[in-house]
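> Structure provided below as structure tokens; questions to follow.
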Amino acid sequence: MTLIVENLGCVRQERIIFSDVNFTVKAGQALWVKGRNGTGKSSLLRIIAQLLKPASGQISWQQKDVLDEPVEFLKRFEYIGHLDALKTSMTPRENLSFWAKYRGPNNIEAAIEAFKIEEIADFPVRSLSAGQKKRSNLARLIACPSKIWILDEPISSLDVHFIDLFTDLLRAHLEDGGLALYATHQDLEIDDVQLLNLDEYTGAGS
Amino acid sequence: MSAFYALLKRDLRLAYRQGSAVTLTLAFFIIAVTLFPLGVGPELAVLARIGPGVLWVGALLSCLLTLDRLYQADYEDGTLEQLMKGPLPLELMVLAKVAAHWISSVLPLILIAPVLAITFNIVADGIWVLVLSLLIGSPVLSLIGSIGAALTVAMRRGGVLLSLMILPLYIPVLIFGVAAVEAAISLLAISPHLMLLGGLTLGALVLCPFASAAALRLAVE
């Protein structure tokens, strides 16, 4: 299980965000995407999540070009973006239940337990704090298990205790043969992690 | 299809929980339509003459009130991009959302229309054909509206632009919908008008999901 990115480039509004990005991530490994604001961390993750088209380059998954044949790859990853993707009039349990039915498979109770949201699982999302919303959103990683986790600022709004909890879950995912790509400003202390510093691929941060 | 039903059920649940939008749509429809008898006077023949058109235009304008939120709420909270990479083809996702919009926002208008039709002195045959024409033709309102909603999803206050874009496209369905009711009142054949309405609905059912999906892809990028 290998994800290969070759010569990836991103252009937004005629501005080169980054170019010639290359990396390979295998099962059990993580890629930490680092960089200053505006260097394209979110854009890189969105390109891999098939939400943005790259200006150049190739993304391969199991020797297949995912830009040409995205269907199989789309089933394999879970993407957590900047926004919480939660409906505020529904409870975290209802939100997770929807995603589990929409994407499958269904692992809601384990997700609620893993992210310790039992006590807030049946209150409307609108009544939760930013950190509680973040955990409710991250719980989707367990509720709809997938081999690849693509995480954009997964620990923003989390306190130290829940950052440790999330790091443990990420380690368990990697030990279980999964792979992860994450953009954070903070080191998550993962053993088998590659660093991709986007400051080196663009002039935006300099 | 479980993803389709999951999305349909979620959107209906959200519409029920945020009931104010549906209530406002219904209230707008009732108020807008009942203003006409007050404006044109109590002449029963005049009311019966304008009734079908007023009810169809009222339904059409009421439908517009909720269309701008069809994708916008999902776009703003990040749900839309999650839906787009789900197992459901984007065109089917559009259909699920359009179906939920029709059930939650348009169907209540159709159910209340016979009561309002009575205030316009429309005969019983005309009332049933009005309901039938709305049932057959009104999905076009949600389907065409979904294209406008998708094109304006990333715009703040896109509602006015949405109305300007899609109102002209509603003209055929309005013409045949009103013509069917008028034919029933005049004891003429209604089937040609209803068949044309059905044709418009089927055409929109085939084309609109693709157009909306293409617009959504552009918006998310």
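The chains in the structure tokens are called A, B, ... from first to last as shown; in each chain the residues are counted from 1, and the ligands are counted from 1 in the order shown.
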Determine, using only C-alpha atoms, which residues of chain A have any atom at most 7 Å from an atom of chain B, and tabulate each with its shortest atom pair and distance in Å to one decimal place, rows ordered by chain and then rising number, as CSV.


```
residue,atom,partner,partner_atom,distance
A:Leu51,CA,B:Glu221,CA,6.4
A:Leu52,CA,B:Glu221,CA,5.3
A:Leu74,CA,B:Lys85,CA,6.3
A:Lys75,CA,B:Pro87,CA,7.0
A:Leu83,CA,B:Gly78,CA,5.1
A:Asp84,CA,B:Gly78,CA,6.4
A:Ala85,CA,B:Thr79,CA,4.4
A:Leu86,CA,B:Asp77,CA,6.8
A:Ser89,CA,B:Arg17,CA,6.8
A:Phe98,CA,B:Ala6,CA,6.4
A:Lys101,CA,B:Ala6,CA,6.1
A:Tyr102,CA,B:Ala3,CA,4.2
A:Arg103,CA,B:Gly86,CA,5.9
```

> Give me, as an MDAnalysis selection string, all polymer residues having an atom no more than 8 Å from stretch 90-95 of chain A, counting only C-alpha atoms and skipping those fewer than 4 positions away in the same chain.

(chainID A and resid 86 99 108 112 120:125 136) or (chainID B and resid 14)

> State, in Å with one decimal place, the distance from atom CA of B:Val57 to atom CA of B:Asp125.

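These atoms are spaced 19.9 Å apart.
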
> So, counting only C-alpha atoms, which residue among A:Ser43, A:Thr24, A:Gln63, A:Thr167 is closest to A:Arg12?

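Among the listed residues, A:Ser43 lies closest to A:Arg12.
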
> To test your reading of the structure, identify every residue in chain A that backbone DSSP assigns to alpha helix (DSSP H), and report it as an MDAnalysis selection string.

chainID A and resid 41:48 70:74 92:103 108:114 130:138 140:143 160:175

> Tell me which protein, DNA and RNA residues are within 9 Å of A:Ser60, counting only C-alpha atoms, leaving out same-chain ones fewer than 6 positions away, and put them as a list in words.

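Surrounding residues, per the criterion: Thr2, Leu3, Ile4, Val5, Glu6, Val66 and Leu67 of chain A.
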
> If you keep all heavy atoms, can you produce a file of those selected residues as an mmCIF file, in the first residue's frame?


```
data_model
loop_
_atom_site.group_PDB
_atom_site.id
_atom_site.type_symbol
_atom_site.label_atom_id
_atom_site.label_comp_id
_atom_site.auth_asym_id
_atom_site.auth_seq_id
_atom_site.Cartn_x
_atom_site.Cartn_y
_atom_site.Cartn_z
ATOM 1 N N THR A 2 0.994 1.870 -1.150
ATOM 2 C CA THR A 2 1.929 2.993 -1.283
ATOM 3 C C THR A 2 1.282 4.163 -2.016
ATOM 4 O O THR A 2 0.615 3.968 -3.034
ATOM 5 C CB THR A 2 3.191 2.553 -2.071
ATOM 6 O OG1 THR A 2 3.687 1.356 -1.495
ATOM 7 C CG2 THR A 2 4.272 3.619 -2.026
ATOM 8 N N LEU A 3 1.503 5.334 -1.484
ATOM 9 C CA LEU A 3 1.028 6.558 -2.144
ATOM 10 C C LEU A 3 2.263 7.313 -2.656
ATOM 11 O O LEU A 3 3.162 7.641 -1.872
ATOM 12 C CB LEU A 3 0.248 7.421 -1.144
ATOM 13 C CG LEU A 3 -0.309 8.742 -1.681
ATOM 14 C CD1 LEU A 3 -1.485 8.486 -2.621
ATOM 15 C CD2 LEU A 3 -0.787 9.634 -0.534
ATOM 16 N N ILE A 4 2.297 7.538 -3.969
ATOM 17 C CA ILE A 4 3.457 8.212 -4.560
ATOM 18 C C ILE A 4 3.022 9.529 -5.209
ATOM 19 O O ILE A 4 2.086 9.539 -6.020
ATOM 20 C CB ILE A 4 4.134 7.307 -5.632
ATOM 21 C CG1 ILE A 4 4.554 5.976 -5.010
ATOM 22 C CG2 ILE A 4 5.349 8.007 -6.246
ATOM 23 C CD1 ILE A 4 4.971 4.922 -6.031
ATOM 24 N N VAL A 5 3.673 10.578 -4.848
ATOM 25 C CA VAL A 5 3.395 11.896 -5.438
ATOM 26 C C VAL A 5 4.649 12.362 -6.173
ATOM 27 O O VAL A 5 5.737 12.366 -5.602
ATOM 28 C CB VAL A 5 2.984 12.902 -4.337
ATOM 29 C CG1 VAL A 5 3.004 14.321 -4.873
ATOM 30 C CG2 VAL A 5 1.597 12.567 -3.803
ATOM 31 N N GLU A 6 4.470 12.701 -7.460
ATOM 32 C CA GLU A 6 5.633 13.085 -8.270
ATOM 33 C C GLU A 6 5.408 14.425 -8.955
ATOM 34 O O GLU A 6 4.375 14.627 -9.616
ATOM 35 C CB GLU A 6 5.888 12.025 -9.343
ATOM 36 C CG GLU A 6 6.339 10.695 -8.774
ATOM 37 C CD GLU A 6 6.330 9.600 -9.836
ATOM 38 O OE1 GLU A 6 5.247 9.304 -10.379
ATOM 39 O OE2 GLU A 6 7.411 9.065 -10.124
ATOM 40 N N VAL A 66 -4.276 8.177 -9.633
ATOM 41 C CA VAL A 66 -5.574 8.480 -9.009
ATOM 42 C C VAL A 66 -6.283 9.652 -9.691
ATOM 43 O O VAL A 66 -7.480 9.836 -9.516
ATOM 44 C CB VAL A 66 -5.447 8.764 -7.494
ATOM 45 C CG1 VAL A 66 -4.821 7.594 -6.777
ATOM 46 C CG2 VAL A 66 -4.691 10.038 -7.212
ATOM 47 N N LEU A 67 -5.549 10.436 -10.471
ATOM 48 C CA LEU A 67 -6.197 11.546 -11.183
ATOM 49 C C LEU A 67 -6.997 11.003 -12.362
ATOM 50 O O LEU A 67 -8.031 11.562 -12.729
ATOM 51 C CB LEU A 67 -5.162 12.568 -11.653
ATOM 52 C CG LEU A 67 -4.329 13.198 -10.524
ATOM 53 C CD1 LEU A 67 -3.222 14.067 -11.097
ATOM 54 C CD2 LEU A 67 -5.199 14.009 -9.576
#
```

> Residues within 12 Å of B:Ile171, please, as an mmCIF file with all heavy atoms, in the first residue's frame. Count only C-alpha atoms; anything in the same chain fewer than 6 positions from it doesn't count.


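Saved as around-v6.cif:
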```cif
data_model
loop_
_atom_site.group_PDB
_atom_site.id
_atom_site.type_symbol
_atom_site.label_atom_id
_atom_site.label_comp_id
_atom_site.auth_asym_id
_atom_site.auth_seq_id
_atom_site.Cartn_x
_atom_site.Cartn_y
_atom_site.Cartn_z
ATOM 1 N N GLY B 53 -53.195 31.245 -12.408
ATOM 2 C CA GLY B 53 -51.907 31.924 -12.619
ATOM 3 C C GLY B 53 -51.316 32.427 -11.313
ATOM 4 O O GLY B 53 -50.115 32.270 -11.050
ATOM 5 N N TRP B 56 -49.941 29.469 -9.264
ATOM 6 C CA TRP B 56 -48.694 28.940 -9.834
ATOM 7 C C TRP B 56 -47.533 29.908 -9.598
ATOM 8 O O TRP B 56 -46.443 29.491 -9.203
ATOM 9 C CB TRP B 56 -48.859 28.652 -11.340
ATOM 10 C CG TRP B 56 -48.996 27.191 -11.621
ATOM 11 C CD1 TRP B 56 -50.150 26.509 -11.807
ATOM 12 C CD2 TRP B 56 -47.933 26.235 -11.712
ATOM 13 N NE1 TRP B 56 -49.879 25.188 -12.026
ATOM 14 C CE2 TRP B 56 -48.528 24.980 -11.975
ATOM 15 C CE3 TRP B 56 -46.552 26.306 -11.612
ATOM 16 C CZ2 TRP B 56 -47.791 23.817 -12.129
ATOM 17 C CZ3 TRP B 56 -45.812 25.141 -11.770
ATOM 18 C CH2 TRP B 56 -46.411 23.915 -12.020
ATOM 19 N N VAL B 57 -47.784 31.208 -9.831
ATOM 20 C CA VAL B 57 -46.709 32.192 -9.608
ATOM 21 C C VAL B 57 -46.346 32.238 -8.124
ATOM 22 O O VAL B 57 -45.163 32.314 -7.760
ATOM 23 C CB VAL B 57 -47.128 33.602 -10.115
ATOM 24 C CG1 VAL B 57 -46.125 34.660 -9.684
ATOM 25 C CG2 VAL B 57 -47.247 33.595 -11.633
ATOM 26 N N LEU B 60 -44.221 29.303 -7.325
ATOM 27 C CA LEU B 60 -42.912 29.485 -7.963
ATOM 28 C C LEU B 60 -42.024 30.460 -7.157
ATOM 29 O O LEU B 60 -40.860 30.184 -6.884
ATOM 30 C CB LEU B 60 -43.233 30.028 -9.341
ATOM 31 C CG LEU B 60 -42.285 30.158 -10.465
ATOM 32 C CD1 LEU B 60 -43.050 29.917 -11.742
ATOM 33 C CD2 LEU B 60 -41.763 31.557 -10.446
ATOM 34 N N GLY B 137 -45.523 19.231 -12.367
ATOM 35 C CA GLY B 137 -44.617 20.271 -12.863
ATOM 36 C C GLY B 137 -43.673 20.863 -11.839
ATOM 37 O O GLY B 137 -42.579 21.319 -12.193
ATOM 38 N N VAL B 140 -39.769 20.519 -11.456
ATOM 39 C CA VAL B 140 -38.917 21.341 -12.334
ATOM 40 C C VAL B 140 -38.394 22.560 -11.565
ATOM 41 O O VAL B 140 -37.246 22.985 -11.765
ATOM 42 C CB VAL B 140 -39.711 21.809 -13.586
ATOM 43 C CG1 VAL B 140 -38.869 22.732 -14.454
ATOM 44 C CG2 VAL B 140 -40.165 20.616 -14.391
ATOM 45 N N LEU B 141 -39.243 23.099 -10.672
ATOM 46 C CA LEU B 141 -38.817 24.291 -9.923
ATOM 47 C C LEU B 141 -37.585 23.974 -9.077
ATOM 48 O O LEU B 141 -36.617 24.742 -9.046
ATOM 49 C CB LEU B 141 -39.958 24.794 -9.026
ATOM 50 C CG LEU B 141 -41.318 25.048 -9.693
ATOM 51 C CD1 LEU B 141 -42.318 25.577 -8.669
ATOM 52 C CD2 LEU B 141 -41.185 26.033 -10.853
ATOM 53 N N ILE B 144 -34.462 22.941 -11.672
ATOM 54 C CA ILE B 144 -33.807 24.088 -12.327
ATOM 55 C C ILE B 144 -33.191 24.989 -11.262
ATOM 56 O O ILE B 144 -32.076 25.496 -11.421
ATOM 57 C CB ILE B 144 -34.811 24.868 -13.202
ATOM 58 C CG1 ILE B 144 -35.200 24.023 -14.422
ATOM 59 C CG2 ILE B 144 -34.220 26.204 -13.670
ATOM 60 C CD1 ILE B 144 -36.216 24.665 -15.343
ATOM 61 N N MET B 165 -31.474 34.537 -12.516
ATOM 62 C CA MET B 165 -31.017 33.485 -13.440
ATOM 63 C C MET B 165 -32.105 32.471 -13.747
ATOM 64 O O MET B 165 -32.265 32.051 -14.891
ATOM 65 C CB MET B 165 -29.812 32.744 -12.820
ATOM 66 C CG MET B 165 -28.493 33.411 -13.067
ATOM 67 S SD MET B 165 -27.137 32.306 -12.672
ATOM 68 C CE MET B 165 -27.410 31.952 -10.980
ATOM 69 N N GLY B 177 -48.516 24.747 -16.812
ATOM 70 C CA GLY B 177 -49.228 24.487 -15.548
ATOM 71 C C GLY B 177 -50.537 25.254 -15.489
ATOM 72 O O GLY B 177 -51.601 24.696 -15.185
ATOM 73 N N VAL B 178 -50.485 26.537 -15.816
ATOM 74 C CA VAL B 178 -51.687 27.380 -15.791
ATOM 75 C C VAL B 178 -52.648 26.942 -16.897
ATOM 76 O O VAL B 178 -53.869 26.862 -16.674
ATOM 77 C CB VAL B 178 -51.297 28.868 -15.947
ATOM 78 C CG1 VAL B 178 -52.543 29.747 -16.074
ATOM 79 C CG2 VAL B 178 -50.451 29.325 -14.763
ATOM 80 N N LEU B 197 -45.994 19.094 -19.278
ATOM 81 C CA LEU B 197 -45.391 19.321 -17.953
ATOM 82 C C LEU B 197 -44.534 18.119 -17.547
ATOM 83 O O LEU B 197 -43.416 18.283 -17.041
ATOM 84 C CB LEU B 197 -46.484 19.508 -16.900
ATOM 85 C CG LEU B 197 -47.050 20.912 -16.690
ATOM 86 C CD1 LEU B 197 -48.116 20.878 -15.595
ATOM 87 C CD2 LEU B 197 -45.970 21.913 -16.313
ATOM 88 N N LEU B 200 -41.335 18.191 -19.421
ATOM 89 C CA LEU B 200 -40.400 19.170 -18.855
ATOM 90 C C LEU B 200 -39.734 18.615 -17.590
ATOM 91 O O LEU B 200 -38.528 18.775 -17.388
ATOM 92 C CB LEU B 200 -41.140 20.468 -18.505
ATOM 93 C CG LEU B 200 -41.570 21.352 -19.674
ATOM 94 C CD1 LEU B 200 -42.464 22.489 -19.185
ATOM 95 C CD2 LEU B 200 -40.353 21.935 -20.392
#
```

> Find the residues around A:Leu44 up to 9 Å (only C-alpha atoms counted), leave out those fewer than 2 positions away in its own chain, and share them as an MDAnalysis selection string.

chainID A and resid 8:10 18 33 40:42 46:49 52 54

> Can you write just those residues out, N, CA, C and O atoms, as a compact mmCIF listing (two decimals), in the first residue's frame?


```
# COMPACT_ATOMS: atom_id res chain seq x y z
N LEU A 8 4.46 17.32 -8.19
CA LEU A 8 3.15 17.96 -8.02
C LEU A 8 3.30 19.48 -7.93
O LEU A 8 4.17 19.99 -7.24
N GLY A 9 2.45 20.16 -8.68
CA GLY A 9 2.47 21.62 -8.65
C GLY A 9 1.07 22.16 -8.44
O GLY A 9 0.08 21.53 -8.82
N CYS A 10 0.99 23.32 -7.81
CA CYS A 10 -0.33 23.93 -7.56
C CYS A 10 -0.28 25.41 -7.92
O CYS A 10 0.64 26.13 -7.51
N PHE A 18 3.07 26.04 -5.03
CA PHE A 18 4.27 25.20 -4.88
C PHE A 18 4.47 24.44 -6.19
O PHE A 18 3.56 24.36 -7.02
N VAL A 33 3.16 17.49 6.86
CA VAL A 33 3.29 18.62 5.95
C VAL A 33 3.41 19.89 6.79
O VAL A 33 2.51 20.21 7.58
N GLY A 40 0.80 26.47 1.01
CA GLY A 40 0.03 25.47 0.26
C GLY A 40 -0.20 24.15 0.98
O GLY A 40 -0.47 23.14 0.32
N LYS A 41 -0.14 24.15 2.30
CA LYS A 41 -0.36 22.89 3.04
C LYS A 41 -1.78 22.36 2.77
O LYS A 41 -1.95 21.20 2.42
N SER A 42 -2.75 23.25 2.94
CA SER A 42 -4.14 22.82 2.72
C SER A 42 -4.36 22.46 1.26
O SER A 42 -5.05 21.47 0.96
N ARG A 46 -5.74 18.99 -0.15
CA ARG A 46 -6.98 19.01 -0.94
C ARG A 46 -6.77 18.38 -2.33
O ARG A 46 -7.66 17.75 -2.87
N ILE A 47 -5.57 18.59 -2.88
CA ILE A 47 -5.27 17.95 -4.17
C ILE A 47 -5.27 16.43 -4.01
O ILE A 47 -5.87 15.70 -4.80
N ILE A 48 -4.62 15.96 -2.94
CA ILE A 48 -4.57 14.51 -2.73
C ILE A 48 -5.97 13.96 -2.43
O ILE A 48 -6.32 12.86 -2.85
N ALA A 49 -6.79 14.77 -1.75
CA ALA A 49 -8.17 14.36 -1.45
C ALA A 49 -9.11 14.55 -2.65
O ALA A 49 -10.32 14.41 -2.50
N LEU A 52 -9.16 19.41 -5.32
CA LEU A 52 -8.52 20.43 -6.16
C LEU A 52 -7.76 19.72 -7.27
O LEU A 52 -7.25 18.62 -7.05
N PRO A 54 -4.49 19.51 -9.58
CA PRO A 54 -3.12 20.04 -9.57
C PRO A 54 -2.79 20.71 -10.91
O PRO A 54 -3.39 20.37 -11.93
```
